[in-house]
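Raw contents of query_24.pdb, PDB, C-alpha atoms:
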ATOM      1  CA  MET K  23       0.000   0.000   0.000
ATOM      2  CA  ALA K  24       1.342   3.424  -0.958
ATOM      3  CA  LEU K  25       2.278   5.695   1.904
ATOM      4  CA  GLN K  26      -0.216   8.526   2.308
ATOM      5  CA  SER K  27       1.499  11.926   2.217
ATOM      6  CA  LEU K  28       0.937  14.375   5.029
ATOM      7  CA  ARG K  29      -0.856  17.652   4.480
ATOM      8  CA  PHE K  30       0.899  20.636   6.017
ATOM      9  CA  LEU K  31       0.919  24.371   6.521
ATOM     10  CA  SER K  32       3.940  25.987   4.884
ATOM     11  CA  ILE K  33       5.174  29.407   5.998
ATOM     12  CA  ALA K  34       7.658  31.027   3.657
ATOM     13  CA  PRO K  35      10.799  32.745   4.962
ATOM     14  CA  ILE K  36      10.957  36.529   4.830
ATOM     15  CA  ALA K  37      14.516  36.436   3.475
ATOM     16  CA  GLN K  38      16.459  34.015   1.274
ATOM     17  CA  HIS K  39      15.522  30.457   2.195
ATOM     18  CA  THR K  40      18.541  28.632   3.646
ATOM     19  CA  ALA K  41      17.025  26.509   6.434
ATOM     20  CA  THR K  42      13.783  24.716   7.311
ATOM     21  CA  VAL K  43      12.011  23.843  10.555
ATOM     22  CA  ILE K  44       9.507  20.982  10.512
ATOM     23  CA  PHE K  45       7.431  21.114  13.706
ATOM     24  CA  LEU K  46       4.921  18.429  14.742
ATOM     25  CA  HIS K  47       1.841  19.236  16.807
ATOM     26  CA  GLY K  48       0.477  17.269  19.738
ATOM     27  CA  LEU K  49      -2.554  15.011  20.108
ATOM     28  CA  GLY K  50      -5.806  16.546  18.871
ATOM     29  CA  ASP K  51      -4.135  19.605  17.369
ATOM     30  CA  THR K  52      -3.115  20.575  13.821
ATOM     31  CA  GLY K  53      -0.156  22.403  12.339
ATOM     32  CA  GLU K  54      -2.167  25.613  12.633
ATOM     33  CA  GLY K  55      -1.770  25.394  16.396
ATOM     34  CA  TRP K  56       1.959  26.208  16.114
ATOM     35  CA  LYS K  57       1.794  28.953  13.492
ATOM     36  CA  PHE K  58       2.196  31.474  16.310
ATOM     37  CA  MET K  59       5.738  30.229  16.940
ATOM     38  CA  ALA K  60       6.722  30.519  13.298
ATOM     39  CA  ASP K  61       5.376  34.078  13.237
ATOM     40  CA  MET K  62       7.101  34.931  16.527
ATOM     41  CA  PHE K  63      10.488  33.573  15.423
ATOM     42  CA  ALA K  64      10.435  35.001  11.881
ATOM     43  CA  PRO K  65      12.124  38.341  12.659
ATOM     44  CA  LYS K  66      15.104  36.560  14.270
ATOM     45  CA  LEU K  67      15.125  33.650  11.803
ATOM     46  CA  PRO K  68      14.145  35.348   8.536
ATOM     47  CA  HIS K  69      15.895  32.681   6.446
ATOM     48  CA  VAL K  70      13.792  29.828   7.838
ATOM     49  CA  LYS K  71      10.853  28.169   6.110
ATOM     50  CA  TRP K  72       8.386  26.500   8.463
ATOM     51  CA  ILE K  73       6.531  23.275   7.686
ATOM     52  CA  LEU K  74       3.721  22.477  10.130
ATOM     53  CA  PRO K  75       2.231  19.074   9.229
ATOM     54  CA  HIS K  76      -1.256  17.848  10.132
ATOM     55  CA  ALA K  77      -1.602  14.327  11.549
ATOM     56  CA  PHE K  78      -4.418  12.209  10.135
ATOM     57  CA  ASN K  79      -7.487  11.457  12.243
ATOM     58  CA  GLN K  80      -7.527   8.062  13.927
ATOM     59  CA  PRO K  81      -9.147   6.405  16.958
ATOM     60  CA  VAL K  82      -7.151   7.026  20.138
ATOM     61  CA  THR K  83      -7.480   4.662  23.083
ATOM     62  CA  ILE K  84      -6.711   7.287  25.720
ATOM     63  CA  ASN K  85      -9.599   9.357  24.258
ATOM     64  CA  PHE K  86     -12.049   6.451  24.705
ATOM     65  CA  GLY K  87     -11.542   5.438  21.076
ATOM     66  CA  MET K  88     -12.741   8.724  19.637
ATOM     67  CA  GLU K  89     -11.029   9.895  16.457
ATOM     68  CA  CYS K  90      -8.795  12.945  16.485
ATOM     69  CA  PRO K  91      -5.572  14.106  14.795
ATOM     70  CA  SER K  92      -2.900  11.785  16.115
ATOM     71  CA  TRP K  93       0.513  10.558  15.020
ATOM     72  CA  TYR K  94      -0.159   7.159  16.649
ATOM     73  CA  ASP K  95      -2.503   5.499  19.138
ATOM     74  CA  ILE K  96      -1.869   6.178  22.828
ATOM     75  CA  GLN K  97      -3.005   3.710  25.451
ATOM     76  CA  SER K  98      -1.463   5.371  28.491
ATOM     77  CA  LEU K  99       0.926   8.152  29.462
ATOM     78  CA  ASP K 100       1.424   7.006  33.045
ATOM     79  CA  LYS K 101       4.895   5.541  32.595
ATOM     80  CA  ILE K 102       7.720   5.621  30.097
ATOM     81  CA  ASP K 103       7.774   1.878  29.449
ATOM     82  CA  GLY K 104       4.028   1.352  28.943
ATOM     83  CA  PRO K 105       2.439  -0.218  25.823
ATOM     84  CA  GLU K 106       3.140   1.700  22.601
ATOM     85  CA  ASP K 107       1.768   1.756  19.060
ATOM     86  CA  GLU K 108       5.007   0.871  17.319
ATOM     87  CA  LYS K 109       3.351   0.289  13.937
ATOM     88  CA  GLY K 110       1.616   3.663  13.991
ATOM     89  CA  MET K 111       4.800   5.430  15.067
ATOM     90  CA  LEU K 112       6.841   3.889  12.267
ATOM     91  CA  VAL K 113       4.236   4.812   9.628
ATOM     92  CA  SER K 114       4.219   8.420  10.832
ATOM     93  CA  SER K 115       8.008   8.434  10.894
ATOM     94  CA  ARG K 116       8.091   7.409   7.247
ATOM     95  CA  GLN K 117       5.640  10.191   6.395
ATOM     96  CA  ILE K 118       7.771  12.742   8.226
ATOM     97  CA  ASN K 119      10.840  11.475   6.392
ATOM     98  CA  GLN K 120       9.014  12.230   3.148
ATOM     99  CA  LEU K 121       8.822  15.882   4.209
ATOM    100  CA  ILE K 122      12.558  15.910   4.946
ATOM    101  CA  THR K 123      13.292  14.341   1.561
ATOM    102  CA  ALA K 124      11.148  16.927  -0.206
ATOM    103  CA  GLU K 125      13.147  19.756   1.386
ATOM    104  CA  VAL K 126      16.450  18.137   0.417
ATOM    105  CA  ASP K 127      15.193  17.607  -3.135
ATOM    106  CA  ALA K 128      14.285  21.309  -3.226
ATOM    107  CA  GLY K 129      17.878  22.253  -2.447
ATOM    108  CA  ILE K 130      18.029  22.555   1.358
ATOM    109  CA  LYS K 131      20.831  20.493   2.861
ATOM    110  CA  SER K 132      19.653  18.090   5.549
ATOM    111  CA  ASP K 133      22.004  19.650   8.099
ATOM    112  CA  ARG K 134      19.998  22.862   7.682
ATOM    113  CA  ILE K 135      16.753  21.174   8.730
ATOM    114  CA  VAL K 136      15.502  21.152  12.324
ATOM    115  CA  LEU K 137      12.840  18.606  13.256
ATOM    116  CA  GLY K 138      10.804  19.307  16.353
ATOM    117  CA  GLY K 139       7.506  18.731  18.057
ATOM    118  CA  PHE K 140       5.290  19.123  21.093
ATOM    119  CA  SER K 141       4.060  16.248  23.283
ATOM    120  CA  GLN K 142       3.173  13.397  20.910
ATOM    121  CA  GLY K 143       4.904  15.389  18.167
ATOM    122  CA  ALA K 144       8.011  15.580  20.362
ATOM    123  CA  ALA K 145       8.073  11.795  20.616
ATOM    124  CA  MET K 146       7.855  11.580  16.825
ATOM    125  CA  SER K 147      10.628  14.129  16.346
ATOM    126  CA  LEU K 148      12.965  12.087  18.552
ATOM    127  CA  LEU K 149      12.054   8.777  16.924
ATOM    128  CA  THR K 150      12.386  10.123  13.381
ATOM    129  CA  GLY K 151      15.365  12.382  13.935
ATOM    130  CA  LEU K 152      17.446   9.783  15.765
ATOM    131  CA  THR K 153      16.828   7.089  13.157
ATOM    132  CA  THR K 154      16.679   8.934   9.823
ATOM    133  CA  GLU K 155      19.504   8.280   7.378
ATOM    134  CA  ARG K 156      20.101  12.009   6.966
ATOM    135  CA  ARG K 157      22.112  14.187   9.332
ATOM    136  CA  LEU K 158      19.783  16.941  10.539
ATOM    137  CA  ALA K 159      20.690  20.280  12.092
ATOM    138  CA  GLY K 160      18.987  19.377  15.353
ATOM    139  CA  LEU K 161      15.915  18.049  17.159
ATOM    140  CA  VAL K 162      13.381  19.721  19.441
ATOM    141  CA  ALA K 163      11.198  17.901  21.978
ATOM    142  CA  LEU K 164       8.828  20.056  24.046
ATOM    143  CA  SER K 165       6.773  18.379  26.795
ATOM    144  CA  GLY K 166       7.426  14.982  25.243
ATOM    145  CA  TYR K 167       9.275  11.732  25.758
ATOM    146  CA  ALA K 168      11.515   9.199  24.051
ATOM    147  CA  PRO K 169       9.316   6.470  22.515
ATOM    148  CA  LEU K 170      10.084   2.792  21.881
ATOM    149  CA  ARG K 171      12.707   2.887  24.611
ATOM    150  CA  ASN K 172      13.550  -0.813  24.335
ATOM    151  CA  LYS K 173      14.095  -0.689  20.566
ATOM    152  CA  LEU K 174      15.216   2.852  19.807
ATOM    153  CA  LYS K 175      18.834   2.266  20.809
ATOM    154  CA  SER K 176      19.227  -0.438  18.175
ATOM    155  CA  MET K 177      17.576   1.834  15.592
ATOM    156  CA  LEU K 178      19.878   4.834  16.074
ATOM    157  CA  SER K 179      21.484   6.209  12.928
ATOM    158  CA  ASP K 180      25.201   6.898  12.592
ATOM    159  CA  HIS K 181      24.366  10.598  12.996
ATOM    160  CA  ALA K 182      22.373  10.337  16.228
ATOM    161  CA  LYS K 183      25.251  11.061  18.595
ATOM    162  CA  LYS K 184      26.241  14.156  16.597
ATOM    163  CA  LEU K 185      22.864  15.900  16.887
ATOM    164  CA  PRO K 186      22.037  18.951  18.987
ATOM    165  CA  ILE K 187      18.811  18.175  20.871
ATOM    166  CA  PHE K 188      16.700  20.754  22.732
ATOM    167  CA  MET K 189      14.296  19.292  25.300
ATOM    168  CA  GLY K 190      11.989  21.402  27.451
ATOM    169  CA  HIS K 191       9.456  20.311  30.065
ATOM    170  CA  GLY K 192       7.296  21.954  32.704
ATOM    171  CA  THR K 193       7.409  20.699  36.280
ATOM    172  CA  ALA K 194       3.616  20.995  36.599
ATOM    173  CA  ASP K 195       2.770  19.067  33.413
ATOM    174  CA  PRO K 196      -0.318  16.928  34.219
ATOM    175  CA  VAL K 197      -0.368  15.113  30.842
ATOM    176  CA  VAL K 198       3.197  14.001  30.147
ATOM    177  CA  LYS K 199       4.631  14.081  33.646
ATOM    178  CA  PHE K 200       7.865  16.036  34.163
ATOM    179  CA  GLU K 201       9.549  12.894  35.478
ATOM    180  CA  ILE K 202       8.864  11.125  32.158
ATOM    181  CA  GLY K 203      10.471  13.920  30.156
ATOM    182  CA  GLN K 204      13.412  14.075  32.542
ATOM    183  CA  LYS K 205      13.849  10.300  32.422
ATOM    184  CA  SER K 206      13.770  10.431  28.619
ATOM    185  CA  ALA K 207      16.679  12.856  28.585
ATOM    186  CA  GLN K 208      18.578  10.582  30.969
ATOM    187  CA  ILE K 209      17.905   7.571  28.726
ATOM    188  CA  LEU K 210      19.278   9.418  25.697
ATOM    189  CA  THR K 211      22.503  10.226  27.521
ATOM    190  CA  SER K 212      23.115   7.362  29.969
ATOM    191  CA  GLU K 213      21.676   4.465  27.938
ATOM    192  CA  PHE K 214      22.036   5.636  24.325
ATOM    193  CA  GLY K 215      25.382   7.376  24.729
ATOM    194  CA  LEU K 216      24.436  10.874  23.583
ATOM    195  CA  LYS K 217      26.331  13.765  25.148
ATOM    196  CA  CYS K 218      24.931  16.206  27.686
ATOM    197  CA  ALA K 219      25.106  19.655  26.129
ATOM    198  CA  SER K 220      25.115  23.202  27.458
ATOM    199  CA  SER K 221      23.406  26.221  25.942
ATOM    200  CA  THR K 222      26.516  28.265  26.687
ATOM    201  CA  ALA K 223      28.954  25.912  24.958
ATOM    202  CA  GLU K 224      30.286  26.584  21.486
ATOM    203  CA  ASP K 225      29.612  22.964  20.476
ATOM    204  CA  MET K 226      25.842  22.374  20.631
ATOM    205  CA  THR K 227      26.105  18.614  20.060
ATOM    206  CA  GLY K 228      24.133  16.582  22.589
ATOM    207  CA  VAL K 229      21.048  16.867  24.773
ATOM    208  CA  ILE K 230      20.018  20.049  26.556
ATOM    209  CA  PHE K 231      17.182  19.415  29.032
ATOM    210  CA  ASN K 232      15.454  22.581  30.204
ATOM    211  CA  GLN K 233      13.232  22.536  33.296
ATOM    212  CA  TYR K 234      10.462  25.144  33.580
ATOM    213  CA  ASP K 235       9.061  25.505  37.089
ATOM    214  CA  GLY K 236       5.286  25.764  37.229
ATOM    215  CA  LEU K 237       4.753  25.210  33.511
ATOM    216  CA  GLN K 238       1.940  22.821  32.647
ATOM    217  CA  HIS K 239       1.400  20.984  29.324
ATOM    218  CA  SER K 240       2.183  23.939  27.088
ATOM    219  CA  ALA K 241       4.965  26.284  26.033
ATOM    220  CA  ASP K 242       5.634  29.630  27.654
ATOM    221  CA  PRO K 243       7.825  32.701  26.957
ATOM    222  CA  ARG K 244      10.789  31.336  28.934
ATOM    223  CA  GLU K 245      10.886  28.169  26.876
ATOM    224  CA  LEU K 246      10.301  29.937  23.568
ATOM    225  CA  ARG K 247      13.118  32.438  24.240
ATOM    226  CA  ALA K 248      15.528  29.597  24.995
ATOM    227  CA  LEU K 249      14.400  27.670  21.918
ATOM    228  CA  LEU K 250      14.810  30.696  19.658
ATOM    229  CA  GLU K 251      18.350  31.233  20.946
ATOM    230  CA  TRP K 252      19.167  27.553  20.382
ATOM    231  CA  MET K 253      17.774  27.602  16.842
ATOM    232  CA  GLY K 254      19.824  30.674  16.070
ATOM    233  CA  LYS K 255      22.917  28.635  16.882
ATOM    234  CA  VAL K 256      22.089  25.398  15.056
ATOM    235  CA  ILE K 257      20.671  27.020  11.884
ATOM    236  CA  PRO K 258      22.269  30.482  11.786
ATOM    237  CA  ALA K 259      21.646  32.799   8.864
TER     238      ALA K 259
END
Show me the file's structure as structure tokens.
Amino acid sequence: MALQSLRFLSIAPIAQHTATVIFLHGLGDTGEGWKFMADMFAPKLPHVKWILPHAFNQPVTINFGMECPSWYDIQSLDKIDGPEDEKGMLVSSRQINQLITAEVDAGIKSDRIVLGGFSQGAAMSLLTGLTTERRLAGLVALSGYAPLRNKLKSMLSDHAKKLPIFMGHGTADPVVKFEIGQKSAQILTSEFGLKCASSTAEDMTGVIFNQYDGLQHSADPRELRALLEWMGKVIPA
């Protein structure tokens, strides 16, 4: 069966296009929900094109089987090693890789492409970005987690340990608990062998985990300022 291509919102750069950010929304949302970030970042990243994909509707167990935009089925978010929809994740990963390929075919080098996401989209950005055959500029995971923990290590690409990775999580997150996000960052470094990175270092390679006190399951100005600064370093004009 042919792979169904994702629909997406595309926001053109306001200067010459030399980099692309692909950002994946969370459960029940669409790409439109993150247009505000593209608009907010445009003055500082005028060379960046934004691609905001829309997940297809599907039944979601955690939503009592009701259909909504979702990258994969979710049975539970109570623990990091709970049951996961591996098949759904891998299909979505292939679809996201199609978007990366399209940008490369259009002339943007893969190491000028940042892949990121929020919540469920963050999980997909980590899964796709750590396993894709292409070396990306970096990965972003906001209020998310590392999926397929027991298999992901064996799936890592040769580029995975060279990637800058920005992770941010609120301590008051009631949906994806802070401890799950924090544990995911620890898994990437202690179990998968990725470096711990610092936002003040010249070399951005590795995982930066940012803790935001009081933040619930959303983004806030503190996180967005830090993310904008990080993006300015990994995909400079």
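Going from CA of Gln120 in chain K to CA of Gly138 in chain K covers 15.1 Å.
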query = Of the candidates K:Ser141, K:Ser92, K:Ser98, K:Ser212, which shows the shortest atom-to-atom distance to Gly110 in chain K, using all atoms listed in the file?
reply = K:Ser92
Separation of CA of Leu246 in chain K from CA of Glu155 in chain K, in Å and rounded to one decimal =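 Between these atoms lies a distance of 28.6 Å.
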Write out as a PDB file with C-alpha atoms, in the coordinates of the input the residues lying within 12 Å of Met59 in chain K, counting all atoms listed in the file and excluding same-chain residues fewer than 6 positions away.
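Final file, around04.pdb:
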ATOM      1  CA  ILE K  33       5.174  29.407   5.998  1.00  0.00           C
ATOM      2  CA  VAL K  43      12.011  23.843  10.555  1.00  0.00           C
ATOM      3  CA  ILE K  44       9.507  20.982  10.512  1.00  0.00           C
ATOM      4  CA  PHE K  45       7.431  21.114  13.706  1.00  0.00           C
ATOM      5  CA  HIS K  47       1.841  19.236  16.807  1.00  0.00           C
ATOM      6  CA  GLY K  53      -0.156  22.403  12.339  1.00  0.00           C
ATOM      7  CA  PRO K  65      12.124  38.341  12.659  1.00  0.00           C
ATOM      8  CA  LYS K  66      15.104  36.560  14.270  1.00  0.00           C
ATOM      9  CA  LEU K  67      15.125  33.650  11.803  1.00  0.00           C
ATOM     10  CA  TRP K  72       8.386  26.500   8.463  1.00  0.00           C
ATOM     11  CA  ILE K  73       6.531  23.275   7.686  1.00  0.00           C
ATOM     12  CA  LEU K  74       3.721  22.477  10.130  1.00  0.00           C
ATOM     13  CA  GLY K 139       7.506  18.731  18.057  1.00  0.00           C
ATOM     14  CA  PHE K 140       5.290  19.123  21.093  1.00  0.00           C
ATOM     15  CA  ALA K 241       4.965  26.284  26.033  1.00  0.00           C
ATOM     16  CA  ASP K 242       5.634  29.630  27.654  1.00  0.00           C
ATOM     17  CA  PRO K 243       7.825  32.701  26.957  1.00  0.00           C
ATOM     18  CA  GLU K 245      10.886  28.169  26.876  1.00  0.00           C
ATOM     19  CA  LEU K 246      10.301  29.937  23.568  1.00  0.00           C
ATOM     20  CA  ARG K 247      13.118  32.438  24.240  1.00  0.00           C
ATOM     21  CA  LEU K 249      14.400  27.670  21.918  1.00  0.00           C
ATOM     22  CA  LEU K 250      14.810  30.696  19.658  1.00  0.00           C
TER      23      LEU K 250
END
query = Contacts of Asp235 in chain K at 8 Å or less, counting all atoms listed in the file, minus same-chain residues fewer than 4 places along, as a count of residues only?
reply = 3
key: Straight-line distance linking CA of Thr40 in chain K with CA of Ser165 in chain K, stated in Å to one decimal   =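 If I compute the distance from CA of Thr40 in chain K to CA of Ser165 in chain K, I get 27.9 Å.
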inquiry  = Since I can't run it myself right now, could you work out what the PyMOL selection byres ((chain K and resi 153) around 6) selects here and report it as a PyMOL selection string?
reply    = chain K and resi 150-152+154+177-179
query = Taking all atoms listed in the file into account, which of K:Pro105, K:Pro35, K:Pro186, K:Gly87 comes nearest Val70 in chain K?
reply = K:Pro35
Can you give me, as a short mmCIF file (atom, residue, chain, number, x, y, z; two decimals) with C-alpha atoms, in the frame of the given file, the residues this file yields under the PyMOL selection byres ((chain K and resi 54) around 10)?
data_model
loop_
_atom_site.label_atom_id
_atom_site.label_comp_id
_atom_site.auth_asym_id
_atom_site.auth_seq_id
_atom_site.Cartn_x
_atom_site.Cartn_y
_atom_site.Cartn_z
CA PHE K 30 0.90 20.64 6.02
CA LEU K 31 0.92 24.37 6.52
CA SER K 32 3.94 25.99 4.88
CA HIS K 47 1.84 19.24 16.81
CA ASP K 51 -4.14 19.60 17.37
CA THR K 52 -3.12 20.58 13.82
CA GLY K 53 -0.16 22.40 12.34
CA GLY K 55 -1.77 25.39 16.40
CA TRP K 56 1.96 26.21 16.11
CA LYS K 57 1.79 28.95 13.49
CA PHE K 58 2.20 31.47 16.31
CA LEU K 74 3.72 22.48 10.13
CA PRO K 75 2.23 19.07 9.23
CA HIS K 76 -1.26 17.85 10.13
#
key: Test item: residues at most 7 Å from Ile96 in chain K, only C-alpha atoms, excluding those fewer than 4 positions along its chain, as a VMD selection string   = chain K and resid 82 to 84 106 to 107
query = Near Lys217 in chain K, counting all atoms listed in the file, which residues have an atom at most 10 Å away, once you skip same-chain residues fewer than 4 positions from it, shown as a PyMOL selection string?
reply = chain K and resi 183-187+210-212+226-230
Reference answer for the PyMOL selection byres ((chain K and resi 42) around 12), as a JSON list (two decimals) with C-alpha atoms, in the coordinates of the input:
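What follows is the written file expr_33.json:
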[["chain", "number", "residue", "atom", "x", "y", "z"],
["K", 32, "SER", "CA", 3.94, 25.99, 4.88],
["K", 33, "ILE", "CA", 5.17, 29.41, 6.00],
["K", 34, "ALA", "CA", 7.66, 31.03, 3.66],
["K", 35, "PRO", "CA", 10.80, 32.74, 4.96],
["K", 38, "GLN", "CA", 16.46, 34.02, 1.27],
["K", 39, "HIS", "CA", 15.52, 30.46, 2.19],
["K", 40, "THR", "CA", 18.54, 28.63, 3.65],
["K", 41, "ALA", "CA", 17.02, 26.51, 6.43],
["K", 43, "VAL", "CA", 12.01, 23.84, 10.56],
["K", 44, "ILE", "CA", 9.51, 20.98, 10.51],
["K", 45, "PHE", "CA", 7.43, 21.11, 13.71],
["K", 60, "ALA", "CA", 6.72, 30.52, 13.30],
["K", 64, "ALA", "CA", 10.44, 35.00, 11.88],
["K", 67, "LEU", "CA", 15.12, 33.65, 11.80],
["K", 68, "PRO", "CA", 14.14, 35.35, 8.54],
["K", 69, "HIS", "CA", 15.90, 32.68, 6.45],
["K", 70, "VAL", "CA", 13.79, 29.83, 7.84],
["K", 71, "LYS", "CA", 10.85, 28.17, 6.11],
["K", 72, "TRP", "CA", 8.39, 26.50, 8.46],
["K", 73, "ILE", "CA", 6.53, 23.28, 7.69],
["K", 74, "LEU", "CA", 3.72, 22.48, 10.13],
["K", 121, "LEU", "CA", 8.82, 15.88, 4.21],
["K", 122, "ILE", "CA", 12.56, 15.91, 4.95],
["K", 123, "THR", "CA", 13.29, 14.34, 1.56],
["K", 124, "ALA", "CA", 11.15, 16.93, -0.21],
["K", 125, "GLU", "CA", 13.15, 19.76, 1.39],
["K", 126, "VAL", "CA", 16.45, 18.14, 0.42],
["K", 128, "ALA", "CA", 14.28, 21.31, -3.23],
["K", 129, "GLY", "CA", 17.88, 22.25, -2.45],
["K", 130, "ILE", "CA", 18.03, 22.56, 1.36],
["K", 131, "LYS", "CA", 20.83, 20.49, 2.86],
["K", 132, "SER", "CA", 19.65, 18.09, 5.55],
["K", 133, "ASP", "CA", 22.00, 19.65, 8.10],
["K", 134, "ARG", "CA", 20.00, 22.86, 7.68],
["K", 135, "ILE", "CA", 16.75, 21.17, 8.73],
["K", 136, "VAL", "CA", 15.50, 21.15, 12.32],
["K", 137, "LEU", "CA", 12.84, 18.61, 13.26],
["K", 138, "GLY", "CA", 10.80, 19.31, 16.35],
["K", 158, "LEU", "CA", 19.78, 16.94, 10.54],
["K", 159, "ALA", "CA", 20.69, 20.28, 12.09],
["K", 160, "GLY", "CA", 18.99, 19.38, 15.35],
["K", 253, "MET", "CA", 17.77, 27.60, 16.84],
["K", 256, "VAL", "CA", 22.09, 25.40, 15.06],
["K", 257, "ILE", "CA", 20.67, 27.02, 11.88],
["K", 258, "PRO", "CA", 22.27, 30.48, 11.79],
["K", 259, "ALA", "CA", 21.65, 32.80, 8.86]]
query = Using all atoms listed in the file, can you list as an NGL selection string the residues within 12 Å of (4.8, -0.1, 18.6)?
reply = :K and (94-97 or 103-115 or 149 or 169-174)
key: Selected residue of minimal separation from Val162 in chain K among K:Gln117, K:Gln142, K:Asn85, K:Ser147, counting all atoms listed in the file   =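 Nearest to Val162 in chain K: K:Ser147.
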key: Within 6 Å of Ala144 in chain K using all atoms listed in the file, minus same-chain residues under 6 positions, as a list in words   =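 Those residues are Ala163, Leu164 and Gly166 of chain K.
Among K:Pro81, K:Tyr167, K:Phe200, K:Ala182, the residue with the shortest atom-to-atom distance to Gly215 in chain K, counting all atoms listed in the file, is K:Ala182.
Remark: for Met88 in chain K, the closest of the candidate residues K:Leu49, K:Ile118, K:Met189, K:Leu161 is K:Leu49 (distances computed over all atoms listed in the file).
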